[in-house]
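Participant: my_file.txt is reproduced in full below (compact mmCIF, C-alpha atoms).
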# COMPACT_ATOMS: atom_id res chain seq x y z
CA MET R 1 0.00 0.00 0.00
CA ASP R 2 1.39 3.41 -0.95
CA LYS R 3 1.02 5.73 2.00
CA LYS R 4 2.07 9.36 1.95
CA GLN R 5 4.34 10.24 4.79
CA ARG R 6 2.83 12.62 7.32
CA PRO R 7 4.64 15.92 7.66
CA GLN R 8 6.52 16.76 10.82
CA TYR R 9 4.64 19.62 12.44
CA LYS R 10 7.03 22.10 14.00
CA GLU R 11 7.04 23.81 17.37
CA ASN R 12 7.95 27.49 17.29
CA PRO R 13 11.51 27.83 18.63
CA SER R 14 10.99 31.56 19.39
CA PRO R 15 7.42 32.08 20.61
CA VAL R 16 6.47 35.58 21.79
CA GLN R 17 2.75 35.43 22.73
CA ALA R 18 3.32 34.60 26.40
CA TYR R 19 0.56 33.98 28.93
CA ARG R 20 1.04 33.86 32.69
CA PHE R 21 -0.86 30.92 34.17
CA ARG R 22 -1.77 30.85 37.87
CA MET R 23 -3.38 28.06 39.85
CA HIS R 24 -4.68 28.07 43.44
CA ILE R 25 -5.87 24.94 45.25
CA HIS R 26 -8.47 25.53 47.98
CA ASP R 27 -9.31 23.14 50.84
CA ALA R 28 -7.89 19.97 49.24
CA PRO R 29 -8.22 16.81 51.35
CA GLY R 30 -4.47 16.17 51.04
CA PRO R 31 -1.47 17.00 48.89
CA LEU R 32 -1.89 17.33 45.13
CA LYS R 33 0.90 16.87 42.62
CA VAL R 34 0.91 18.41 39.13
CA THR R 35 1.28 15.49 36.72
CA VAL R 36 0.46 17.31 33.45
CA SER R 37 0.56 20.97 32.46
CA ALA R 38 0.27 21.54 28.73
CA THR R 39 -1.35 23.56 25.99
CA GLN R 40 -3.20 21.89 23.14
CA HIS R 41 -2.70 23.42 19.69
CA ASP R 42 -4.87 22.50 16.69
CA VAL R 43 -4.79 23.43 13.02
CA VAL R 44 -7.70 25.87 12.55
CA THR R 45 -7.56 26.14 8.75
CA PRO R 46 -8.88 22.79 7.45
CA ALA R 47 -8.52 23.89 3.80
CA CYS R 48 -4.76 23.36 4.18
CA LEU R 49 -5.21 19.65 4.93
CA PRO R 50 -5.17 16.86 2.32
CA VAL R 51 -8.45 16.17 0.55
CA PRO R 52 -10.19 12.83 1.20
CA ASN R 53 -8.91 11.27 -2.04
CA ASP R 54 -5.34 11.75 -0.80
CA ASN R 55 -6.07 9.70 2.32
CA PRO R 56 -6.27 5.90 2.46
CA GLY R 57 -9.93 4.88 2.45
CA GLY R 58 -11.02 8.36 1.35
CA HIS R 59 -11.62 9.58 4.90
CA LEU R 60 -11.44 13.23 5.83
CA SER R 61 -8.10 14.32 7.20
CA PRO R 62 -8.03 14.38 10.98
CA VAL R 63 -7.36 17.82 12.40
CA PRO R 64 -3.72 17.87 13.49
CA THR R 65 -3.31 18.47 17.20
CA HIS R 66 -0.15 18.92 19.24
CA ASP R 67 0.40 19.26 23.00
CA ILE R 68 3.18 21.45 24.35
CA PRO R 69 4.09 20.97 28.02
CA PHE R 70 4.74 24.05 30.13
CA GLN R 71 6.42 24.24 33.50
CA LEU R 72 4.50 25.17 36.64
CA GLU R 73 6.55 26.51 39.52
CA ARG R 74 5.35 25.84 43.03
CA VAL R 75 4.91 29.14 44.86
CA SER R 76 3.40 27.55 48.00
CA ASP R 77 1.60 24.35 49.00
CA THR R 78 -1.51 25.64 47.23
CA GLU R 79 -0.26 28.01 44.51
CA TYR R 80 1.53 27.46 41.20
CA THR R 81 2.50 29.76 38.36
CA GLY R 82 3.99 29.33 34.91
CA ILE R 83 4.24 30.67 31.37
CA PHE R 84 2.84 29.16 28.19
CA HIS R 85 2.81 30.50 24.62
CA ALA R 86 -0.18 30.85 22.33
CA ASP R 87 2.12 30.85 19.28
CA GLY R 88 3.78 27.57 20.16
CA MET R 89 3.49 26.08 16.66
CA ILE R 90 4.82 27.26 13.31
CA ASP R 91 2.21 28.23 10.70
CA GLU R 92 3.46 26.67 7.47
CA ASP R 93 2.38 24.97 4.23
CA TYR R 94 2.78 21.39 5.46
CA HIS R 95 0.70 19.67 2.76
CA GLY R 96 1.17 21.87 -0.34
CA ARG R 97 -2.38 23.22 0.02
CA GLY R 98 -1.75 26.56 1.73
CA ILE R 99 -0.67 27.74 5.16
CA CYS R 100 -1.85 25.60 8.08
CA ARG R 101 -2.58 28.02 10.92
CA TRP R 102 -2.33 26.76 14.48
CA ALA R 103 -4.18 28.08 17.52
CA VAL R 104 -4.06 27.24 21.19
CA ILE R 105 -7.28 25.34 21.97
CA GLN R 106 -6.81 24.88 25.72
CA ALA R 107 -4.38 25.09 28.62
CA GLN R 108 -4.82 22.08 30.92
CA VAL R 109 -3.47 20.89 34.26
CA GLN R 110 -3.91 17.43 35.75
CA LEU R 111 -3.40 16.81 39.47
CA LYS R 112 -3.08 13.57 41.44
CA ALA R 113 -2.60 12.87 45.14
CA SER R 114 0.93 11.46 44.73
CA GLY R 115 1.18 10.92 40.98
CA ALA R 116 0.82 7.13 41.30
CA ASP R 117 -0.91 5.02 38.65
CA GLY R 118 -4.60 4.47 39.34
CA GLU R 119 -5.15 7.65 41.35
CA THR R 120 -7.93 10.04 40.37
CA ARG R 121 -6.84 12.65 37.83
CA PHE R 122 -8.31 16.02 38.82
CA ILE R 123 -8.41 17.96 35.53
CA VAL R 124 -8.84 21.70 35.12
CA SER R 125 -8.51 23.69 31.89
CA LEU R 126 -9.18 26.96 30.15
CA ASP R 127 -10.49 26.69 26.59
CA LYS R 128 -9.69 29.13 23.77
CA ASP R 129 -12.78 31.29 24.47
CA GLU R 130 -11.94 31.52 28.18
CA LEU R 131 -8.34 32.42 27.33
CA SER R 132 -9.41 35.21 24.98
CA SER R 133 -11.86 36.66 27.52
CA GLY R 134 -9.45 37.02 30.43
CA GLY R 135 -9.09 33.41 31.44
CA ALA R 136 -10.45 32.72 34.92
CA LYS R 137 -12.23 29.63 36.21
CA THR R 138 -12.91 27.80 39.47
CA VAL R 139 -13.68 24.08 39.35
CA TYR R 140 -15.16 22.12 42.28
CA TYR R 141 -14.36 18.47 43.04
CA TRP R 142 -15.83 16.00 45.52
CA LYS R 143 -13.29 15.11 48.20
CA GLY R 144 -14.55 11.51 48.20
CA GLY R 145 -12.68 10.90 44.92
CA TYR R 146 -9.35 11.63 46.62
CA PRO R 147 -6.89 9.94 46.36
CA ARG R 148 -8.69 7.27 44.32
CA SER R 149 -12.12 6.84 42.88
CA SER R 150 -13.73 3.43 42.53
CA LEU R 151 -12.52 3.56 38.89
CA GLU R 152 -8.80 3.27 38.15
CA ASP R 153 -7.19 6.49 36.86
CA PHE R 154 -10.60 8.22 36.88
CA PRO R 155 -10.58 11.58 35.02
CA ASP R 156 -12.50 14.01 37.29
CA TYR R 157 -13.34 17.21 35.38
CA GLY R 158 -15.29 18.62 38.32
CA VAL R 159 -18.02 21.24 37.94
CA THR R 160 -17.91 25.03 37.70
CA SER R 161 -20.94 25.64 39.88
CA ARG R 162 -21.54 24.30 43.38
CA LYS R 163 -25.24 24.10 42.43
CA ASP R 164 -24.34 21.24 40.05
CA ILE R 165 -23.36 19.09 43.07
CA ARG R 166 -25.88 17.20 45.15
CA GLU R 167 -26.82 19.37 48.13
CA ASP R 168 -25.71 16.75 50.68
CA LEU R 169 -22.17 16.73 49.15
CA ARG R 170 -21.66 20.51 48.84
CA GLY R 171 -19.90 20.69 52.20
CA ASP R 172 -17.39 18.05 51.09
CA LEU R 173 -15.74 19.86 48.16
CA PHE R 174 -12.39 21.34 47.28
CA SER R 175 -11.68 23.67 44.39
CA VAL R 176 -8.98 24.66 41.95
CA SER R 177 -8.95 28.22 40.56
CA ILE R 178 -6.96 29.03 37.44
CA THR R 179 -6.27 32.23 35.54
CA ALA R 180 -4.31 33.06 32.42
CA ALA R 181 -3.50 36.51 31.11
CA GLU R 182 -1.11 37.86 28.53
CA ALA R 183 2.23 38.20 30.30
CA GLY R 184 2.56 41.87 29.37
CA ARG R 185 -0.63 42.79 31.23
Go ahead and render the structure in this file as structure tokens.
Facilitator:
Amino acid sequence: MDKKQRPQYKENPSPVQAYRFRMHIHDAPGPLKVTVSATQHDVVTPACLPVPNDNPGGHLSPVPTHDIPFQLERVSDTEYTGIFHADGMIDEDYHGRGICRWAVIQAQVQLKASGADGETRFIVSLDKDELSSGGAKTVYYWKGGYPRSSLEDFPDYGVTSRKDIREDLRGDLFSVSITAAEAGR
């Protein structure tokens, strides 16, 4: 079978669109360790991608996505800060069909009690709309899922409103607040 080789998408070696990311953990039932902190970048110009006839089976091209880790520095037991870049990928003609433009789709952090396999993953993120509108969010999690849920490696995305939690559990919550703003502001 003749398969075209996929292009190597390139990270920007000199990004300039810096965002300062801050995270505060409130009333956690125990220690939390950052296991993932990354931005997700996707191609936002699908016209630059190969047409279905150029793909085996004639399927539409999947939207290229690329995660770029960023470092979070521990400021205190409950506060972290770091820098990520919105222009982390190089816009280029990767497929001979025009410039593929990349955009940051989300900035995400995953926390675990110790980082061990099987522990609940407490996940908090800001999507592209939240980033462009000042980037602030608080997410609430049930303490009963710490350090492990009944499901191995359970991804707990929490809720953004305490009203979305059963009333009898509202007193048994912790929260994670995150903000992101352009570093020059």
Participant: Please, which residues in stretch 67-90 of chain R fall within 10 Å of stretch 180-183 of chain R when counting only C-alpha atoms, and what is the closest atom pair and distance in Å to one decimal for each, ordered by chain then residue number, as CSV?
Facilitator:
residue,atom,partner,partner_atom,distance
R:Thr81,CA,R:Ala180,CA,9.6
R:Gly82,CA,R:Ala180,CA,9.4
R:Ile83,CA,R:Ala183,CA,7.9
R:Phe84,CA,R:Ala180,CA,9.2
R:His85,CA,R:Glu182,CA,9.2
R:Ala86,CA,R:Glu182,CA,9.4
Participant: Can you tell me which residues surround R:Glu152 at a distance of at most 8 Å, considering only C-alpha atoms, apart from same-chain residues fewer than 2 positions away, and format the answer as a list in words?
Facilitator: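 In the requested format, the answer is Gly118, Glu119, Thr120, Arg148, Ser149, Ser150 and Phe154 of chain R.
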Participant: In Å to one decimal, how far is atom CA of R:Val44 from atom CA of R:Thr138?
Facilitator: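 Spanning atom CA of R:Thr138 to atom CA of R:Val44 is a straight-line distance of 27.5 Å.
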Participant: One decimal, in Å: what's the spacing between atom CA of R:Cys48 and atom CA of R:Arg97?
Facilitator: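 Interatomic distance, atom CA of R:Cys48 to atom CA of R:Arg97: 4.8 Å.
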Participant: Could you tell me how far atom CA of R:Val176 sits from atom CA of R:Gly88, in Å to one decimal place?
Facilitator: 25.4 Å
Participant: Looking at R:Gln17, R:Thr65, R:Gly145, R:Ser175, which one is nearest to R:Ala113, with distances taken over all atoms listed in the file?
Facilitator: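 Once distances to R:Ala113 are computed over all atoms listed in the file, the minimum belongs to R:Gly145.
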Participant: In the coordinates of the file, take the point (0.5, 25.6, 51.6) and a cut-off of 12 Å; then, counting all atoms listed in the file, name each qualifying protein, DNA or RNA residue as a list of chain:residue names.
Facilitator: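 I get R:His24, R:Ile25, R:His26, R:Asp27, R:Ala28, R:Gly30, R:Pro31, R:Leu32, R:Arg74, R:Val75, R:Ser76, R:Asp77, R:Thr78, R:Glu79, R:Tyr80 for the residues within 12 Å of that point.
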Participant: At a cut-off of 8 Å, using all atoms listed in the file, what residues contact R:Val109? Leave out same-chain residues fewer than 6 positions from it and give the result as a PyMOL selection string.
Facilitator: chain R and resi 34-38+123-125
Participant: Which is closer to R:Leu169 than all the others in R:Glu130, R:Pro50, R:Trp142, R:Asp153, using all atoms listed in the file?
Facilitator: R:Trp142
Participant: From (-22.2, 16.2, 50.4), in the file's coordinates, out to 12 Å: which residues are reached, counting all atoms listed in the file? Answer as a list in words.
Facilitator: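 Nearby residues: Tyr141, Trp142, Lys143, Gly144, Arg162, Lys163, Asp164, Ile165, Arg166, Glu167, Asp168, Leu169, Arg170, Gly171, Asp172, Leu173 and Phe174 of chain R.
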Participant: Find, counting only C-alpha atoms, the residue in R:Gly96, R:Met89, R:Asp127, R:Lys10 that gets nearest to R:Val51.
Facilitator: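 Selected residue with least distance to R:Val51: R:Gly96.
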Participant: When distances are computed from all atoms listed in the file, which of R:Gly184, R:Phe122, R:Gly135, R:Ile90 shows the smallest separation from R:Val159?
Facilitator: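 Closest candidate: R:Phe122.
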Participant: Please determine, counting all atoms listed in the file, which residue among R:Lys112, R:Arg6, R:Ser14, R:Met23 has the shortest atom-to-atom distance to R:Pro62.
Facilitator: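 Checking each of R:Lys112, R:Arg6, R:Ser14, R:Met23 against R:Pro62, counting all atoms listed in the file, the winner is R:Arg6.
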Participant: Report as an MDAnalysis selection string all protein, DNA and RNA residues lying within 9 Å of R:His41, evaluated on all atoms listed in the file, omitting residues in the same chain fewer than 3 positions from it.
Facilitator: chainID R and resid 64:68 86:89 102:106
Participant: Using C-alpha atoms, can you write the selected residues to a file as a short mmCIF file (atom, residue, chain, number, x, y, z; two decimals), keeping the file's coordinate frame?
Facilitator:
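Now in result_23.cif:
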data_model
loop_
_atom_site.label_atom_id
_atom_site.label_comp_id
_atom_site.auth_asym_id
_atom_site.auth_seq_id
_atom_site.Cartn_x
_atom_site.Cartn_y
_atom_site.Cartn_z
CA PRO R 64 -3.72 17.87 13.49
CA THR R 65 -3.31 18.47 17.20
CA HIS R 66 -0.15 18.92 19.24
CA ASP R 67 0.40 19.26 23.00
CA ILE R 68 3.18 21.45 24.35
CA ALA R 86 -0.18 30.85 22.33
CA ASP R 87 2.12 30.85 19.28
CA GLY R 88 3.78 27.57 20.16
CA MET R 89 3.49 26.08 16.66
CA TRP R 102 -2.33 26.76 14.48
CA ALA R 103 -4.18 28.08 17.52
CA VAL R 104 -4.06 27.24 21.19
CA ILE R 105 -7.28 25.34 21.97
CA GLN R 106 -6.81 24.88 25.72
#
